[in-house]
file entry_13.cif (mmCIF, C-alpha atoms)
data_run
#
loop_
_atom_site.label_atom_id
_atom_site.label_comp_id
_atom_site.auth_asym_id
_atom_site.auth_seq_id
_atom_site.Cartn_x
_atom_site.Cartn_y
_atom_site.Cartn_z
CA MET A 834 49.03 21.31 112.03
CA ILE A 835 51.38 23.31 109.76
CA MET A 836 48.40 24.56 107.70
CA LYS A 837 46.63 25.75 110.85
CA LYS A 838 49.78 27.54 111.95
CA ARG A 839 50.05 29.25 108.56
CA LYS A 840 46.41 30.33 108.68
CA GLY A 841 46.98 31.75 112.12
CA GLN A 842 50.01 33.64 110.87
CA GLU A 843 48.08 35.01 107.89
CA ARG A 844 45.29 36.24 110.16
CA MET A 845 47.85 37.79 112.45
CA LEU A 846 49.41 39.59 109.48
CA GLU A 847 45.98 40.79 108.34
CA LEU A 848 45.30 42.08 111.82
CA ILE A 849 48.64 43.89 111.94
CA ALA A 850 48.01 45.39 108.48
CA SER A 851 44.56 46.61 109.47
CA LEU A 852 45.94 48.06 112.71
CA VAL A 853 48.61 49.91 110.73
CA PHE A 854 45.92 51.31 108.42
CA ILE A 855 43.77 52.43 111.30
CA ALA A 856 46.76 54.09 112.93
CA LEU A 857 47.57 55.82 109.65
CA LEU A 858 43.97 56.92 109.32
CA LEU A 859 44.02 58.41 112.81
CA LEU A 860 47.30 60.19 112.07
CA VAL A 861 45.92 61.70 108.87
CA LEU A 862 42.77 62.70 110.69
CA GLN A 863 44.72 64.36 113.43
CA PHE A 864 46.91 66.18 110.92
CA PHE A 865 43.94 67.65 109.06
CA MET A 866 42.10 68.49 112.26
CA ALA A 867 45.18 70.40 113.45
CA GLN A 868 45.45 72.18 110.08
CA TYR A 869 41.78 73.04 110.10
CA TYR A 870 41.81 74.58 113.57
CA ALA A 871 45.10 76.38 112.93
CA HIS A 872 43.51 77.94 109.84
CA LYS A 873 40.41 78.93 111.80
CA ILE A 874 42.49 80.54 114.54
CA ASN A 875 44.58 82.33 111.94
CA LEU A 876 41.44 83.78 110.43
CA LEU A 877 40.33 85.07 113.80
CA PHE A 878 43.54 86.89 114.57
CA HIS A 879 44.97 87.85 111.20
CA GLU A 880 43.54 89.83 108.37
CA THR A 881 43.25 88.17 105.00
CA SER A 882 45.59 89.09 102.18
CA TYR A 883 42.72 90.97 100.53
CA GLU A 884 42.19 93.10 103.63
CA LYS A 885 45.91 93.83 103.74
CA ALA A 886 45.92 94.86 100.08
CA ILE A 887 42.97 97.20 100.60
CA LYS A 888 44.75 98.78 103.57
CA VAL A 889 47.84 99.37 101.43
CA TYR A 890 45.68 100.84 98.67
CA ARG A 891 43.89 103.19 101.05
CA ALA A 892 47.19 104.23 102.59
CA ILE A 893 48.87 105.12 99.30
CA ALA A 894 45.78 106.91 98.03
CA GLY A 895 44.88 108.66 101.25
CA ASP A 896 47.97 109.10 103.38
CA GLN A 897 49.78 112.41 102.86
CA LEU A 898 53.04 110.54 102.66
CA PHE A 899 52.09 109.33 99.20
CA SER A 900 49.02 111.27 98.15
CA ARG A 901 48.37 114.76 96.90
CA SER A 902 48.61 117.26 99.76
CA SER A 903 45.22 118.87 99.68
CA MET A 904 41.78 118.47 101.13
CA GLU A 905 40.86 116.01 98.38
CA THR A 906 42.06 112.48 99.04
CA GLY A 907 42.46 109.52 96.74
CA TYR A 908 45.12 110.96 94.44
CA LEU A 909 48.52 109.32 94.45
CA ASP A 910 51.23 111.94 93.95
CA GLN A 911 53.75 110.88 91.29
CA THR A 912 56.50 113.13 92.62
CA LYS A 913 56.20 111.58 96.05
CA LEU A 914 56.77 108.17 94.53
CA SER A 915 59.85 109.43 92.72
CA SER A 916 61.10 111.21 95.83
CA LEU A 917 61.22 107.84 97.59
CA LEU A 918 63.70 106.71 94.95
CA LEU A 919 65.74 109.88 95.36
CA MET A 920 65.66 109.81 99.12
CA TYR A 921 67.03 106.31 99.53
CA LYS A 922 69.02 105.75 96.33
CA ASP A 923 69.24 102.03 96.99
CA GLU A 924 66.21 99.98 95.97
CA ASN A 925 66.55 97.75 99.01
CA LYS A 926 66.38 100.74 101.36
CA VAL A 927 63.19 101.97 99.71
CA CYS A 928 61.78 98.51 100.19
CA ASP A 929 62.84 98.47 103.85
CA PHE A 930 61.06 101.79 104.31
CA LEU A 931 57.85 100.51 102.68
CA SER A 932 58.09 97.25 104.60
CA SER A 933 58.09 99.19 107.86
CA PHE A 934 54.62 100.43 106.92
CA PHE A 935 53.08 97.54 105.06
CA GLY A 936 54.85 94.42 106.26
CA SER A 937 57.88 92.53 105.06
CA SER A 938 56.28 90.86 102.04
CA ILE A 939 54.94 93.95 100.28
CA TYR A 940 55.26 94.48 96.52
CA LEU A 941 54.06 97.61 94.74
CA ASN A 942 53.89 98.44 91.06
CA VAL A 943 52.34 101.73 89.93
CA VAL A 944 51.87 102.59 86.26
CA ASN A 945 50.69 105.83 84.69
CA LEU A 946 48.54 104.44 81.88
CA GLU A 947 48.36 107.71 79.96
CA LYS A 948 51.88 109.08 80.05
CA ASN A 949 55.26 107.34 79.85
CA SER A 950 53.66 104.00 80.62
CA ASP A 951 56.74 102.20 79.31
CA VAL A 952 59.45 104.28 81.03
CA ASP A 953 60.74 102.92 84.33
CA CYS A 954 61.41 105.37 87.15
CA SER A 955 64.69 105.04 89.00
CA TYR A 956 67.16 107.06 91.06
CA GLU A 957 68.90 108.11 87.83
CA HIS A 958 65.61 108.76 86.03
CA PRO A 959 63.02 110.06 88.51
CA ILE A 960 61.02 112.36 86.20
CA ASN A 961 59.38 111.89 82.80
CA CYS A 962 58.77 108.29 83.68
CA GLY A 963 55.56 106.37 84.34
CA VAL A 964 56.42 103.06 85.99
CA TRP A 965 57.35 102.74 89.67
CA GLU A 966 58.21 99.30 90.94
CA PHE A 967 59.04 98.78 94.59
CA CYS A 968 60.25 95.69 96.42
CA LYS A 969 61.07 93.53 93.43
CA ARG A 970 63.00 91.34 95.88
CA ASN A 971 59.70 90.26 97.43
CA LYS A 972 58.20 88.94 94.19
CA LYS A 973 58.91 85.36 95.20
CA LYS A 974 57.64 85.86 98.74
CA VAL A 975 54.33 87.42 97.76
CA LYS A 976 51.38 85.05 97.86
CA ASN A 977 48.61 87.17 96.38
CA TYR A 978 48.50 90.04 93.92
CA TYR A 979 45.65 92.53 93.62
CA ASP A 980 45.17 94.87 90.65
CA LEU A 981 43.41 98.16 91.19
CA TYR A 982 43.16 101.51 89.44
CA ILE A 983 44.15 104.79 91.01
CA SER A 984 44.19 108.52 90.20
CA LEU A 985 47.77 109.65 89.65
CA TYR A 986 48.44 113.33 90.20
CA ASP A 987 51.40 115.08 88.63
CA PRO A 988 52.05 118.41 90.43
CA LEU A 989 54.45 119.51 87.68
CA THR A 990 51.69 119.59 85.06
CA GLU A 991 48.80 119.78 87.55
CA LYS A 992 47.09 116.95 85.70
CA THR A 993 45.46 113.79 86.92
CA TYR A 994 46.01 110.54 85.03
CA VAL A 995 44.48 107.11 85.09
CA GLY A 996 46.87 104.92 87.01
CA TYR A 997 47.15 101.21 87.62
CA VAL A 998 48.48 99.72 90.81
CA LYS A 999 49.47 96.13 91.48
CA ILE A 1000 49.70 95.31 95.16
CA GLY A 1001 51.35 92.14 96.34
CA VAL A 1002 50.95 91.03 99.96
CA MET B 89 38.64 22.96 99.33
CA LEU B 90 41.85 24.27 100.79
CA ASN B 91 42.53 26.46 97.72
CA LYS B 92 39.01 27.94 97.86
CA ASP B 93 39.55 28.90 101.53
CA LYS B 94 42.84 30.53 100.65
CA VAL B 95 41.28 32.48 97.77
CA ARG B 96 38.37 33.61 100.01
CA GLY B 97 40.78 34.66 102.74
CA GLY B 98 42.84 36.65 100.25
CA GLN B 99 39.73 38.28 98.76
CA SER B 100 38.34 39.37 102.12
CA GLY B 101 41.74 40.82 103.02
CA ALA B 102 41.85 42.79 99.76
CA VAL B 103 38.29 44.06 100.23
CA PHE B 104 39.15 45.12 103.78
CA ILE B 105 42.19 47.06 102.60
CA LEU B 106 40.18 48.67 99.80
CA VAL B 107 37.47 49.80 102.25
CA ILE B 108 40.08 51.31 104.56
CA LEU B 109 41.73 53.08 101.61
CA ILE B 110 38.38 54.53 100.49
CA ILE B 111 37.72 55.79 104.02
CA VAL B 112 41.16 57.41 104.19
CA VAL B 113 40.69 59.14 100.83
CA ALA B 114 37.19 60.34 101.79
CA VAL B 115 38.35 61.75 105.11
CA VAL B 116 41.26 63.53 103.47
CA ALA B 117 38.97 64.98 100.80
CA VAL B 118 36.42 66.20 103.35
CA PHE B 119 39.03 67.90 105.49
CA LEU B 120 40.80 69.42 102.53
CA THR B 121 37.52 70.96 101.42
CA TYR B 122 36.68 72.36 104.83
CA SER B 123 40.11 73.61 105.71
CA TYR B 124 40.19 75.68 102.52
CA ASN B 125 37.21 77.78 103.62
CA ASN B 126 35.67 78.45 100.25
CA THR B 127 32.94 80.79 101.42
CA GLU B 128 35.38 83.29 102.78
CA LEU B 129 37.44 83.31 99.60
CA GLU B 130 34.29 83.82 97.56
CA VAL B 131 33.16 86.77 99.68
CA ASN B 132 36.64 88.32 99.45
CA ASN B 133 36.73 87.86 95.72
CA LYS B 134 33.35 89.52 95.28
CA ALA B 135 34.37 92.45 97.47
CA TYR B 136 37.62 92.69 95.54
CA ILE B 137 35.99 92.79 92.10
CA HIS B 138 33.55 95.40 93.39
CA ASN B 139 36.41 97.58 94.68
CA TYR B 140 38.30 96.93 91.46
CA GLY B 141 35.36 98.21 89.40
CA ALA B 142 34.87 101.21 91.65
CA SER B 143 38.57 102.11 91.30
CA ILE B 144 38.26 101.96 87.50
CA LEU B 145 35.26 104.28 87.50
CA LEU B 146 36.72 106.76 89.94
CA SER B 147 40.10 107.09 88.23
CA PHE B 148 38.32 107.39 84.86
CA LEU B 149 35.97 110.17 85.99
CA ARG B 150 38.68 112.10 87.87
CA SER B 151 41.30 112.06 85.12
CA SER B 152 42.31 115.25 83.34
CA THR B 153 41.18 115.92 79.80
CA GLY B 154 44.06 118.17 78.86
CA ASN B 155 41.59 120.94 78.03
CA THR B 156 42.30 124.28 79.71
CA TYR B 157 38.90 125.77 78.92
CA PRO B 158 36.92 126.57 82.09
CA ASP B 159 34.88 123.65 83.46
CA CYS B 160 36.33 121.13 81.01
CA SER B 161 39.38 119.90 82.90
CA LYS B 162 38.08 116.50 84.07
CA VAL B 163 36.21 113.67 82.40
CA SER B 164 33.29 114.21 84.79
CA ASP B 165 33.14 117.84 83.59
CA LEU B 166 32.95 116.67 79.98
CA ILE B 167 30.15 114.23 80.84
CA PHE B 168 28.22 117.08 82.34
CA LYS B 169 28.83 119.16 79.19
CA LEU B 170 27.67 116.24 77.05
CA TYR B 171 24.49 116.01 79.07
CA SER B 172 23.76 119.73 79.22
CA SER B 173 24.78 120.83 75.69
CA PRO B 174 22.46 120.74 72.68
CA PRO B 175 23.10 117.65 70.44
CA GLU B 176 24.99 119.46 67.68
CA GLY B 177 26.33 122.26 69.89
CA LYS B 178 29.99 122.99 70.55
CA CYS B 179 31.74 123.10 73.90
CA CYS B 180 35.06 123.48 75.72
CA GLY B 181 36.45 125.86 73.10
CA VAL B 182 36.73 123.14 70.46
CA GLY B 183 35.62 124.74 67.22
CA ASP B 184 36.03 121.99 64.65
CA LYS B 185 33.99 119.30 66.37
CA THR B 186 30.60 119.06 68.00
CA CYS B 187 30.57 118.69 71.77
CA LYS B 188 29.51 115.05 71.41
CA GLU B 189 32.34 114.24 68.98
CA TYR B 190 34.92 115.90 71.21
CA VAL B 191 33.74 114.28 74.43
CA TYR B 192 33.53 110.85 72.77
CA GLU B 193 37.05 111.22 71.44
CA VAL B 194 38.49 112.06 74.87
CA MET B 195 36.54 109.33 76.64
CA ASN B 196 37.39 106.67 74.06
CA GLU B 197 41.06 107.48 74.47
CA LYS B 198 40.80 107.25 78.25
CA TRP B 199 38.97 103.94 78.06
CA LYS B 200 41.64 102.60 75.72
CA ALA B 201 44.29 103.34 78.37
CA ILE B 202 42.22 101.57 81.03
CA GLU B 203 41.46 98.62 78.78
CA SER B 204 45.14 97.85 78.31
CA ARG B 205 45.39 96.53 81.87
CA LEU B 206 41.94 95.13 82.53
CA LYS B 207 41.82 91.83 84.33
CA ARG B 208 41.43 88.89 81.98
CA GLY B 209 38.64 86.42 82.62
CA TYR B 210 36.03 89.17 82.82
CA VAL B 211 34.00 91.10 80.25
CA TYR B 212 33.39 94.83 80.68
CA TYR B 213 30.78 97.33 79.63
CA LEU B 214 30.71 101.02 80.60
CA GLU B 215 27.66 103.16 80.21
CA ILE B 216 27.09 106.83 81.03
CA ASN B 217 23.48 107.57 81.84
CA LYS B 218 21.57 110.77 82.16
CA PRO B 219 20.55 111.60 85.75
CA GLN B 220 17.92 109.38 87.40
CA SER B 221 15.19 111.93 86.68
CA ASN B 222 15.84 111.84 82.94
CA LEU B 223 16.81 108.30 81.94
CA GLY B 224 18.78 107.49 78.79
CA VAL B 225 22.26 106.44 77.72
CA ILE B 226 24.64 109.16 76.52
CA TYR B 227 27.82 107.14 76.10
CA LYS B 228 28.70 103.47 76.01
CA VAL B 229 31.79 101.36 75.44
CA GLY B 230 32.52 97.65 75.74
CA ASN B 231 30.42 94.53 75.31
CA GLU B 232 26.81 95.66 75.75
CA SER B 233 25.38 92.14 75.65
CA ILE B 234 26.61 91.47 79.20
CA LYS B 235 24.04 93.91 80.52
CA GLU B 236 21.38 91.21 80.23
CA VAL B 237 23.47 88.32 81.57
CA LYS B 238 22.12 86.83 84.77
CA GLY B 239 25.10 85.32 86.52
CA ILE B 240 26.15 84.98 90.09
CA ASN B 241 29.38 86.75 89.22
CA LYS B 242 27.90 89.83 87.63
CA PHE B 243 28.96 93.13 89.15
CA ILE B 244 27.20 96.43 88.59
CA ILE B 245 29.11 99.42 89.91
CA LYS B 246 27.60 102.90 89.84
CA GLN B 247 29.35 106.21 90.32
CA GLU B 248 27.96 109.69 89.89
CA ALA B 249 29.94 111.84 87.46
CA ILE B 250 30.02 114.90 89.67
CA PRO B 251 31.51 117.88 87.80
CA SER B 252 33.97 120.07 89.63
CA HIS B 253 32.29 123.35 88.77
CA VAL B 254 28.59 123.02 89.59
CA SER B 255 26.59 122.05 92.58
CA TYR B 256 23.63 120.33 91.06
CA VAL B 257 21.13 117.96 92.53
CA ASP B 258 20.96 115.38 89.81
CA TYR B 259 24.16 114.25 88.05
CA PRO B 260 24.76 111.93 85.12
CA TYR B 261 26.17 108.65 86.37
CA ALA B 262 28.53 106.01 85.13
CA VAL B 263 27.67 102.32 85.39
CA LEU B 264 30.28 99.65 84.93
CA TYR B 265 29.17 96.07 84.30
CA ILE B 266 31.69 93.32 84.95
CA VAL B 267 30.78 89.73 84.19
CA ASP B 268 32.85 86.62 84.72
CA LYS B 269 33.52 85.01 81.32
CA ARG B 270 32.37 81.64 82.70
CA ASP B 271 28.93 83.10 83.40
CA LEU B 272 28.81 84.58 79.92
CA ASN B 273 29.71 81.24 78.33
CA ALA B 274 27.04 79.45 80.40
CA GLU B 275 24.45 82.01 79.29
CA GLU B 276 25.44 81.58 75.62
CA LYS B 277 25.10 77.79 75.95
CA LYS B 278 21.57 78.22 77.26
CA ILE B 279 20.63 80.22 74.17
#
call {"tool": "encode", "arguments": {"input": "entry_13.cif", "output": "structure tokens"}}
result
Amino acid sequence: MIMKKRKGQERMLELIASLVFIALLLLVLQFFMAQYYAHKINLLFHETSYEKAIKVYRAIAGDQLFSRSSMETGYLDQTKLSSLLLMYKDENKVCDFLSSFFGSSIYLNVVNLEKNSDVDCSYEHPINCGVWEFCKRNKKKVKNYYDLYISLYDPLTEKTYVGYVKIGV
Amino acid sequence: MLNKDKVRGGQSGAVFILVILIIVVAVVAVFLTYSYNNTELEVNNKAYIHNYGASILLSFLRSSTGNTYPDCSKVSDLIFKLYSSPPEGKCCGVGDKTCKEYVYEVMNEKWKAIESRLKRGYVYYLEINKPQSNLGVIYKVGNESIKEVKGINKFIIKQEAIPSHVSYVDYPYAVLYIVDKRDLNAEEKKI
């Protein structure tokens, strides 16, 4: 009688255990289904980080705010980059300004590979420098970085240099 | 008899749990794979590397040479000079070197600047060809062997070296080959 009771209890426990597993399985399934559809919907309504980076690249190379003011597009004007530093003094304010164009998690690093490639540009040192770094504060926030090359135009010498740009979005 | 029953009962319980665990793991794995949307990432990466290569070529061809002689101010101008000058002729007001030596010197220096920041994990080869109507290589730099590699991650980016001073029909053009190192290693293993 006792043995039968024990067997019954064991089976009951087995049943409970299997029910718990099935419930867990359903929960996991539901979680991944929700993730999957959320991701799909996100893709429909939001651009990918790559698309964002390309937009930023096109803007800095083509928009007159950053590029050489002439008929020819695709040249990033070095003095315009430095003038951003002079205009706002504070690095955070420059970043706020750029964020208003490119979103809150933007990071931008431009390097003149041919001239002063190891001299940082700053409010105190806006000319004769070759490295502009904006929104350092976002480095931790940024999910993806894209490296591209760009033509850097220096109106002071009227020369065009090979430039490197790292865009974080 | 009683012990055997107990053992069997325990075994079937363990097997049951194991099966459920396998199912859970499989389901998780399948959904993880799908939710990551690999195809899209792959397409984006290919488009990115292509744009990356095009940006290298364009900034290279547009950059200034530092030469103030007429029609020699950009790299694309020098390429045109290299193509149109006689082999041992001089150009761009440089008296102590042949046109070829001078142009090679400038272009090598430019490439060196570009090379310093090139993305790791890829191998690069740049070639300047005569116009389509008159085939032949006039300048090359990088790992030429990648030209023959047949990989799924091989990128060939072309850009005409249009000089700023002439309107010509047929220009020399630059071709940049970019190959993923993994493809190169696979190719070497085959050989």
call {"tool": "residues_around", "arguments": {"input": "entry_13.cif", "residues": "Asn139 (chain B)", "least_positions_apart": "3", "cutoff": "9 Å", "atoms": "all atoms listed in the file", "output": "list in words"}}
result
Ile887 and Leu981 of chain A; Lys134, Ala135, Tyr136, Ala142, Ser143, Ile144 and Ile245 of chain B
call {"tool": "resolve_selection", "arguments": {"input": "entry_13.cif", "expression": "the PyMOL selection byres ((chain A) within 6 of (chain B))", "output": "short mmCIF file (atom, residue, chain, number, x, y, z; two decimals) with C-alpha atoms, keeping the file's coordinate frame"}}
result
data_model
loop_
_atom_site.label_atom_id
_atom_site.label_comp_id
_atom_site.auth_asym_id
_atom_site.auth_seq_id
_atom_site.Cartn_x
_atom_site.Cartn_y
_atom_site.Cartn_z
CA LEU A 858 43.97 56.92 109.32
CA TYR A 869 41.78 73.04 110.10
CA LEU A 946 48.54 104.44 81.88
CA LEU A 981 43.41 98.16 91.19
CA TYR A 982 43.16 101.51 89.44
CA ILE A 983 44.15 104.79 91.01
CA SER A 984 44.19 108.52 90.20
CA LYS A 992 47.09 116.95 85.70
CA THR A 993 45.46 113.79 86.92
CA TYR A 994 46.01 110.54 85.03
CA VAL A 995 44.48 107.11 85.09
#
call {"tool": "residues_near_point", "arguments": {"input": "entry_13.cif", "point": "(55.4, 109.2, 96.4)", "cutoff": "9 Å", "atoms": "only C-alpha atoms", "output": "JSON, numbers by chain"}}
result
{"A": [893, 898, 899, 900, 901, 909, 910, 911, 912, 913, 914, 915, 916, 917, 918]}
call {"tool": "atom_distance", "arguments": {"input": "entry_13.cif", "atom1": "CA of Ser932 (chain A)", "atom2": "CA of Ala894 (chain A)"}}
result
17.0 Å
call {"tool": "resolve_selection", "arguments": {"input": "entry_13.cif", "expression": "the PyMOL selection byres ((chain B and resi 229-237) around 9)", "output": "MDAnalysis selection string"}}
result
chainID B and resid 196 199 211:215 227:228 238:239 242 265:267 271:272 275
call {"tool": "resolve_selection", "arguments": {"input": "entry_13.cif", "expression": "the PyMOL selection byres ((chain B and resi 181) around 10)", "output": "ChimeraX atom specification"}}
result
/B:155-158,160,178-180,182-185,187
call {"tool": "atom_distance", "arguments": {"input": "entry_13.cif", "atom1": "CA of Val975 (chain A)", "atom2": "CA of His958 (chain A)"}}
result
26.8 Å
call {"tool": "atom_distance", "arguments": {"input": "entry_13.cif", "atom1": "CA of Asn241 (chain B)", "atom2": "CA of Val263 (chain B)"}}
result
16.1 Å
call {"tool": "residues_around", "arguments": {"input": "entry_13.cif", "residues": "Val952 (chain A)", "least_positions_apart": "2", "cutoff": "7 Å", "atoms": "all atoms listed in the file", "output": "ChimeraX atom specification"}}
result
/A:949-950,954,962-964
call {"tool": "closest_residue", "arguments": {"input": "entry_13.cif", "among": "A:Asn942, A:Thr990, A:Arg891, A:Ser882", "to": "Thr906 (chain A)", "atoms": "all atoms listed in the file"}}
result
A:Arg891
call {"tool": "closest_residue", "arguments": {"input": "entry_13.cif", "among": "B:Tyr192, B:Tyr210, B:Tyr259, B:Phe168", "to": "Asn222 (chain B)", "atoms": "only C-alpha atoms"}}
result
B:Tyr259
call {"tool": "residues_around", "arguments": {"input": "entry_13.cif", "residues": "Ile939 (chain A)", "least_positions_apart": "5", "cutoff": "7 Å", "atoms": "only C-alpha atoms", "output": "list in words"}}
result
Ser932, Cys968, Asn971, Gly1001 and Val1002 of chain A
call {"tool": "residues_near_point", "arguments": {"input": "entry_13.cif", "point": "(25.4, 115.8, 73.3)", "cutoff": "9 Å", "atoms": "only C-alpha atoms", "output": "list of chain:residue names"}}
result
B:Lys169, B:Leu170, B:Tyr171, B:Ser172, B:Ser173, B:Pro174, B:Pro175, B:Glu176, B:Gly177, B:Lys178, B:Thr186, B:Cys187, B:Lys188, B:Glu189, B:Val191, B:Ile226
call {"tool": "closest_residue", "arguments": {"input": "entry_13.cif", "among": "A:Tyr921, A:Tyr978, A:Tyr890, A:Phe864", "to": "Ser955 (chain A)", "atoms": "all atoms listed in the file"}}
result
A:Tyr921
